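So this one's coords.txt, compact mmCIF, N, CA and C atoms:
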```txt
# COMPACT_ATOMS: atom_id res chain seq x y z
N MET A 1 230.58 67.28 193.90
CA MET A 1 230.63 65.87 193.56
C MET A 1 229.23 65.40 193.19
N ILE A 2 229.15 64.52 192.20
CA ILE A 2 227.84 64.03 191.78
C ILE A 2 227.27 63.09 192.84
N SER A 3 225.95 63.03 192.89
CA SER A 3 225.28 62.16 193.85
C SER A 3 225.17 60.74 193.29
N LEU A 4 224.80 59.80 194.15
CA LEU A 4 224.63 58.42 193.72
C LEU A 4 223.56 58.27 192.62
N PRO A 5 222.39 58.92 192.77
CA PRO A 5 221.41 58.83 191.67
C PRO A 5 221.96 59.39 190.35
N GLU A 6 222.72 60.48 190.42
CA GLU A 6 223.33 61.04 189.21
C GLU A 6 224.32 60.04 188.61
N LEU A 7 225.11 59.41 189.46
CA LEU A 7 226.07 58.41 189.00
C LEU A 7 225.36 57.29 188.26
N LEU A 8 224.26 56.81 188.82
CA LEU A 8 223.52 55.72 188.19
C LEU A 8 222.92 56.13 186.85
N ILE A 9 222.38 57.33 186.78
CA ILE A 9 221.80 57.81 185.53
C ILE A 9 222.90 58.01 184.48
N LEU A 10 224.02 58.60 184.88
CA LEU A 10 225.13 58.82 183.95
C LEU A 10 225.72 57.49 183.49
N ALA A 11 225.79 56.52 184.39
CA ALA A 11 226.30 55.20 184.01
C ALA A 11 225.37 54.53 183.00
N ALA A 12 224.06 54.64 183.22
CA ALA A 12 223.10 54.06 182.27
C ALA A 12 223.21 54.76 180.92
N ALA A 13 223.38 56.07 180.94
CA ALA A 13 223.54 56.81 179.69
C ALA A 13 224.85 56.41 179.00
N GLY A 14 225.91 56.23 179.77
CA GLY A 14 227.19 55.80 179.20
C GLY A 14 227.10 54.41 178.60
N TYR A 15 226.43 53.52 179.29
CA TYR A 15 226.23 52.16 178.78
C TYR A 15 225.48 52.20 177.45
N ARG A 16 224.36 52.92 177.43
CA ARG A 16 223.54 52.94 176.21
C ARG A 16 224.26 53.61 175.05
N ALA A 17 224.94 54.72 175.33
CA ALA A 17 225.67 55.41 174.27
C ALA A 17 226.81 54.55 173.73
N THR A 18 227.44 53.78 174.60
CA THR A 18 228.51 52.88 174.16
C THR A 18 227.94 51.77 173.28
N GLN A 19 226.81 51.22 173.66
CA GLN A 19 226.15 50.20 172.83
C GLN A 19 225.80 50.79 171.46
N LEU A 20 225.30 52.01 171.47
CA LEU A 20 224.96 52.68 170.22
C LEU A 20 226.20 52.85 169.33
N ALA A 21 227.29 53.29 169.91
CA ALA A 21 228.50 53.55 169.13
C ALA A 21 229.17 52.28 168.63
N VAL A 22 229.18 51.22 169.44
CA VAL A 22 229.95 50.03 169.10
C VAL A 22 229.12 48.96 168.39
N HIS A 23 227.85 48.82 168.72
CA HIS A 23 227.07 47.68 168.23
C HIS A 23 225.85 48.01 167.38
N ASP A 24 225.15 49.09 167.65
CA ASP A 24 223.85 49.31 167.03
C ASP A 24 223.94 49.59 165.53
N SER A 25 222.93 49.13 164.82
CA SER A 25 222.92 49.24 163.36
C SER A 25 222.81 50.68 162.86
N ILE A 26 222.28 51.57 163.67
CA ILE A 26 222.12 52.95 163.22
C ILE A 26 223.46 53.62 162.90
N LEU A 27 224.52 53.20 163.58
CA LEU A 27 225.86 53.76 163.31
C LEU A 27 226.73 52.83 162.48
N GLU A 28 226.13 51.77 161.95
CA GLU A 28 226.89 50.83 161.11
C GLU A 28 227.51 51.53 159.90
N PRO A 29 226.80 52.43 159.20
CA PRO A 29 227.44 53.11 158.07
C PRO A 29 228.71 53.89 158.46
N ALA A 30 228.70 54.51 159.61
CA ALA A 30 229.89 55.25 160.07
C ALA A 30 231.03 54.28 160.36
N ARG A 31 230.71 53.15 161.01
CA ARG A 31 231.76 52.16 161.29
C ARG A 31 232.32 51.57 160.00
N VAL A 32 231.45 51.30 159.03
CA VAL A 32 231.91 50.76 157.74
C VAL A 32 232.84 51.76 157.05
N THR A 33 232.52 53.02 157.13
CA THR A 33 233.38 54.05 156.54
C THR A 33 234.77 54.03 157.17
N VAL A 34 234.84 53.88 158.48
CA VAL A 34 236.14 53.83 159.16
C VAL A 34 236.89 52.56 158.78
N PHE A 35 236.18 51.42 158.68
CA PHE A 35 236.82 50.18 158.25
C PHE A 35 237.37 50.30 156.82
N ASP A 36 236.60 50.93 155.94
CA ASP A 36 237.07 51.14 154.56
C ASP A 36 238.30 52.03 154.54
N TRP A 37 238.28 53.10 155.33
CA TRP A 37 239.42 54.01 155.44
C TRP A 37 240.65 53.25 155.92
N HIS A 38 240.47 52.38 156.90
CA HIS A 38 241.58 51.58 157.43
C HIS A 38 242.11 50.61 156.38
N SER A 39 241.21 50.00 155.61
CA SER A 39 241.63 48.99 154.63
C SER A 39 242.50 49.57 153.51
N ARG A 40 242.39 50.89 153.28
CA ARG A 40 243.21 51.51 152.24
C ARG A 40 244.66 51.69 152.69
N LYS A 41 244.91 51.66 154.00
CA LYS A 41 246.28 51.77 154.53
C LYS A 41 246.33 51.02 155.87
N PRO A 42 246.28 49.68 155.83
CA PRO A 42 246.16 48.89 157.06
C PRO A 42 247.37 48.95 157.99
N THR A 43 248.50 49.45 157.51
CA THR A 43 249.69 49.54 158.37
C THR A 43 249.74 50.84 159.17
N SER A 44 248.79 51.72 158.94
CA SER A 44 248.75 53.00 159.64
C SER A 44 248.38 52.80 161.11
N ARG A 45 249.20 53.30 161.99
CA ARG A 45 248.91 53.16 163.43
C ARG A 45 247.69 53.97 163.83
N VAL A 46 247.52 55.14 163.25
CA VAL A 46 246.37 55.99 163.57
C VAL A 46 245.08 55.29 163.15
N ARG A 47 245.08 54.71 161.96
CA ARG A 47 243.87 54.04 161.46
C ARG A 47 243.57 52.78 162.28
N THR A 48 244.62 52.07 162.66
CA THR A 48 244.43 50.89 163.50
C THR A 48 243.90 51.29 164.88
N ALA A 49 244.39 52.39 165.41
CA ALA A 49 243.90 52.89 166.70
C ALA A 49 242.43 53.27 166.60
N ALA A 50 242.04 53.87 165.48
CA ALA A 50 240.63 54.23 165.29
C ALA A 50 239.74 52.99 165.26
N ILE A 51 240.21 51.94 164.60
CA ILE A 51 239.46 50.68 164.57
C ILE A 51 239.35 50.10 165.97
N SER A 52 240.45 50.12 166.71
CA SER A 52 240.43 49.61 168.09
C SER A 52 239.43 50.39 168.93
N LEU A 53 239.40 51.68 168.75
CA LEU A 53 238.50 52.52 169.53
C LEU A 53 237.03 52.21 169.23
N ILE A 54 236.68 52.12 167.96
CA ILE A 54 235.26 51.97 167.62
C ILE A 54 234.73 50.56 167.78
N THR A 55 235.61 49.59 168.04
CA THR A 55 235.15 48.21 168.22
C THR A 55 235.25 47.72 169.66
N CYS A 56 235.78 48.53 170.54
CA CYS A 56 236.03 48.12 171.93
C CYS A 56 235.08 48.86 172.87
N VAL A 57 234.22 48.11 173.56
CA VAL A 57 233.28 48.75 174.49
C VAL A 57 234.00 49.43 175.64
N TYR A 58 235.15 48.92 176.02
CA TYR A 58 235.90 49.54 177.12
C TYR A 58 236.54 50.85 176.67
N CYS A 59 237.14 50.84 175.49
CA CYS A 59 237.79 52.05 174.96
C CYS A 59 236.77 53.13 174.67
N MET A 60 235.78 52.77 173.88
CA MET A 60 234.75 53.74 173.49
C MET A 60 233.95 54.18 174.73
N GLY A 61 233.68 53.24 175.62
CA GLY A 61 232.92 53.56 176.83
C GLY A 61 233.63 54.57 177.71
N TRP A 62 234.94 54.49 177.78
CA TRP A 62 235.72 55.44 178.58
C TRP A 62 235.50 56.86 178.08
N TRP A 63 235.67 57.05 176.77
CA TRP A 63 235.56 58.40 176.20
C TRP A 63 234.12 58.89 176.19
N ILE A 64 233.19 58.01 175.92
CA ILE A 64 231.78 58.41 175.94
C ILE A 64 231.35 58.79 177.35
N SER A 65 231.76 58.01 178.33
CA SER A 65 231.42 58.34 179.71
C SER A 65 231.99 59.68 180.12
N GLY A 66 233.21 59.96 179.69
CA GLY A 66 233.83 61.26 179.99
C GLY A 66 233.06 62.40 179.35
N ALA A 67 232.63 62.21 178.11
CA ALA A 67 231.87 63.25 177.42
C ALA A 67 230.51 63.47 178.09
N ILE A 68 229.86 62.39 178.47
CA ILE A 68 228.56 62.50 179.14
C ILE A 68 228.71 63.19 180.49
N LEU A 69 229.73 62.79 181.25
CA LEU A 69 229.96 63.41 182.55
C LEU A 69 230.26 64.90 182.39
N ALA A 70 231.15 65.25 181.47
CA ALA A 70 231.49 66.67 181.27
C ALA A 70 230.26 67.48 180.87
N THR A 71 229.46 66.92 179.98
CA THR A 71 228.23 67.60 179.56
C THR A 71 227.31 67.81 180.75
N TRP A 72 227.15 66.77 181.57
CA TRP A 72 226.29 66.87 182.75
C TRP A 72 226.81 67.91 183.73
N LEU A 73 228.10 67.88 184.00
CA LEU A 73 228.68 68.82 184.96
C LEU A 73 228.53 70.27 184.48
N LEU A 74 228.74 70.49 183.20
CA LEU A 74 228.61 71.84 182.65
C LEU A 74 227.15 72.29 182.60
N ALA A 75 226.26 71.40 182.16
CA ALA A 75 224.84 71.75 182.03
C ALA A 75 224.17 71.98 183.38
N SER A 76 224.61 71.24 184.39
CA SER A 76 223.99 71.37 185.72
C SER A 76 224.70 72.39 186.59
N GLY A 77 225.73 73.02 186.06
CA GLY A 77 226.45 74.04 186.83
C GLY A 77 227.35 73.48 187.93
N GLN A 78 227.72 72.20 187.83
CA GLN A 78 228.54 71.58 188.86
C GLN A 78 230.03 71.56 188.54
N TRP A 79 230.40 72.05 187.36
CA TRP A 79 231.81 71.97 186.94
C TRP A 79 232.73 72.65 187.94
N ASP A 80 232.34 73.82 188.43
CA ASP A 80 233.19 74.59 189.35
C ASP A 80 232.99 74.21 190.81
N SER A 81 232.15 73.22 191.08
CA SER A 81 231.84 72.88 192.47
C SER A 81 232.87 71.95 193.11
N ALA A 82 233.80 71.42 192.32
CA ALA A 82 234.81 70.50 192.85
C ALA A 82 236.10 70.66 192.06
N ARG A 83 237.17 70.18 192.65
CA ARG A 83 238.46 70.21 191.97
C ARG A 83 238.45 69.26 190.78
N LEU A 84 239.35 69.51 189.85
CA LEU A 84 239.43 68.70 188.65
C LEU A 84 239.72 67.23 188.99
N VAL A 85 240.52 66.98 190.00
CA VAL A 85 240.83 65.60 190.38
C VAL A 85 239.56 64.86 190.83
N VAL A 86 238.64 65.56 191.46
CA VAL A 86 237.38 64.94 191.87
C VAL A 86 236.57 64.56 190.63
N HIS A 87 236.55 65.45 189.64
CA HIS A 87 235.84 65.12 188.40
C HIS A 87 236.52 63.95 187.69
N GLY A 88 237.83 63.85 187.81
CA GLY A 88 238.54 62.70 187.25
C GLY A 88 238.10 61.41 187.92
N LEU A 89 237.95 61.44 189.22
CA LEU A 89 237.46 60.26 189.95
C LEU A 89 236.01 59.94 189.58
N GLU A 90 235.22 60.99 189.38
CA GLU A 90 233.84 60.76 188.94
C GLU A 90 233.83 60.10 187.56
N TRP A 91 234.77 60.49 186.72
CA TRP A 91 234.87 59.89 185.38
C TRP A 91 235.13 58.39 185.50
N PHE A 92 236.07 58.02 186.39
CA PHE A 92 236.34 56.59 186.62
C PHE A 92 235.08 55.89 187.13
N ALA A 93 234.34 56.54 188.03
CA ALA A 93 233.14 55.92 188.59
C ALA A 93 232.06 55.72 187.52
N VAL A 94 231.83 56.73 186.71
CA VAL A 94 230.80 56.63 185.67
C VAL A 94 231.20 55.57 184.64
N ALA A 95 232.45 55.63 184.18
CA ALA A 95 232.93 54.66 183.18
C ALA A 95 232.91 53.24 183.76
N GLY A 96 233.31 53.09 185.01
CA GLY A 96 233.31 51.77 185.64
C GLY A 96 231.92 51.20 185.78
N ALA A 97 230.98 52.03 186.18
CA ALA A 97 229.60 51.55 186.32
C ALA A 97 229.00 51.22 184.95
N ALA A 98 229.32 52.02 183.93
CA ALA A 98 228.83 51.73 182.58
C ALA A 98 229.40 50.42 182.06
N VAL A 99 230.68 50.17 182.32
CA VAL A 99 231.30 48.91 181.90
C VAL A 99 230.69 47.74 182.65
N LEU A 100 230.39 47.93 183.92
CA LEU A 100 229.73 46.88 184.69
C LEU A 100 228.38 46.52 184.04
N LEU A 101 227.64 47.53 183.60
CA LEU A 101 226.38 47.25 182.90
C LEU A 101 226.63 46.50 181.60
N ASN A 102 227.70 46.85 180.88
CA ASN A 102 228.05 46.12 179.66
C ASN A 102 228.38 44.66 179.97
N ARG A 103 229.12 44.43 181.05
CA ARG A 103 229.48 43.06 181.43
C ARG A 103 228.25 42.25 181.81
N VAL A 104 227.34 42.86 182.55
CA VAL A 104 226.09 42.17 182.92
C VAL A 104 225.31 41.83 181.66
N ASP A 105 225.22 42.78 180.74
CA ASP A 105 224.51 42.57 179.48
C ASP A 105 225.14 41.43 178.68
N ASP A 106 226.47 41.42 178.59
CA ASP A 106 227.17 40.34 177.87
C ASP A 106 226.93 38.99 178.53
N THR A 107 227.00 38.95 179.86
CA THR A 107 226.82 37.70 180.59
C THR A 107 225.40 37.17 180.43
N LEU A 108 224.43 38.05 180.57
CA LEU A 108 223.03 37.62 180.39
C LEU A 108 222.78 37.16 178.96
N GLY A 109 223.38 37.85 177.99
CA GLY A 109 223.24 37.43 176.59
C GLY A 109 223.83 36.05 176.36
N ASP A 110 224.99 35.78 176.97
CA ASP A 110 225.62 34.46 176.85
C ASP A 110 224.74 33.38 177.49
N LEU A 111 224.13 33.69 178.63
CA LEU A 111 223.28 32.71 179.30
C LEU A 111 222.02 32.41 178.49
N VAL A 112 221.45 33.43 177.87
CA VAL A 112 220.23 33.26 177.08
C VAL A 112 220.54 32.47 175.80
N ASN A 113 221.69 32.69 175.22
CA ASN A 113 222.05 32.06 173.94
C ASN A 113 222.56 30.62 174.09
N ARG A 114 222.61 30.09 175.29
CA ARG A 114 223.09 28.71 175.49
C ARG A 114 222.06 27.72 175.10
```

Written as structure tokens, that's how I'd like the structure from this file.
Amino acid sequence: MISLPELLILAAAGYRATQLAVHDSILEPARVTVFDWHSRKPTSRVRTAAISLITCVYCMGWWISGAILATWLLASGQWDSARLVVHGLEWFAVAGAAVLLNRVDDTLGDLVNR
């Protein structure tokens, strides 16, 4: 099982990677490409799901947190140290902490912009 410091670092990485994927200008060309793809067939459920994924910090954050956690567990040799269900719970913890950071960021941004 990951330690509390590892959880905090992974949550911070998940938060930042989610911001990068959903909001940052560096990935704007990729998002525009997906929006253009969707606009050519707006009734497609797959294309609509892709749009939902790339615009939602909760959706994208879930998958990014899972990828970051899996990478960490494999790179640090911890993958085999616990049952898969434990890693599933760690995924919830990392994603939840990353979303909490997103919520704090959104709230502070709203307070500053008043």

What separates atom N of Pro29 (chain A) and CA of Ile68 (chain A) is a distance of 22.4 Å

Got a sec: who's within 7 Å of Ile51 (chain A), counting only N, CA and C atoms, leaving out chain neighbours fewer than 5 positions off, as a PyMOL selection string?
chain A and resi 34-35+46+56

Which residues are close to Arg103 (chain A), i.e. within 12 Å by only C-alpha atoms, leaving aside same-chain residues fewer than 4 positions away? Reply as an NGL selection string.
:A and (15 or 19 or 57-58 or 61 or 96-99 or 107-110)

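With atom N of Phe92 (chain A) on one side and CA of Asp24 (chain A) on the other, the separation reads 24.5 Å.
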
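Closest approach to Ser65 (chain A) among A:Ser81, A:Thr18, A:Ser52, A:Thr33 is made by A:Thr18 (distances from all atoms listed in the file).
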
Contacts of region 3-14 of chain A at 10 Å (only C-alpha atoms; same-chain gap of 6+ positions) as JSON, numbers by chain
{"A": [20, 60, 61, 62, 63, 64, 65, 66, 67, 68, 69, 72, 90, 91, 93, 94, 95, 96, 97, 98, 99, 100, 101, 102]}

CA of Cys59 (chain A) and CA of Asp106 (chain A), how far apart in Å?
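About the pair CA of Asp106 (chain A) and CA of Cys59 (chain A): they are 16.1 Å apart.
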
Could you give me the axis-aligned bounding box of region 24-29 of chain A, with 6 Å of padding per side, as centre plus edge lengths in Å to one decimal, as AutoDock Vina command-line options?
```
--center_x 225.4 --center_y 51.5 --center_z 162.9 --size_x 18.6 --size_y 16.8 --size_z 21.6
```

Counting only C-alpha atoms, which of A:Asp105, A:Glu28, A:Asp36, A:Asp80 gets nearest to Thr48 (chain A)?
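When distances to Thr48 (chain A) are compared using only C-alpha atoms, the smallest one comes from A:Asp36.
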
Mind listing the alpha helix (DSSP H) residues of chain A, per DSSP on the backbone, as a VMD selection string?
chain A and resid 4 to 22 28 to 39 45 to 55 57 to 75 84 to 112
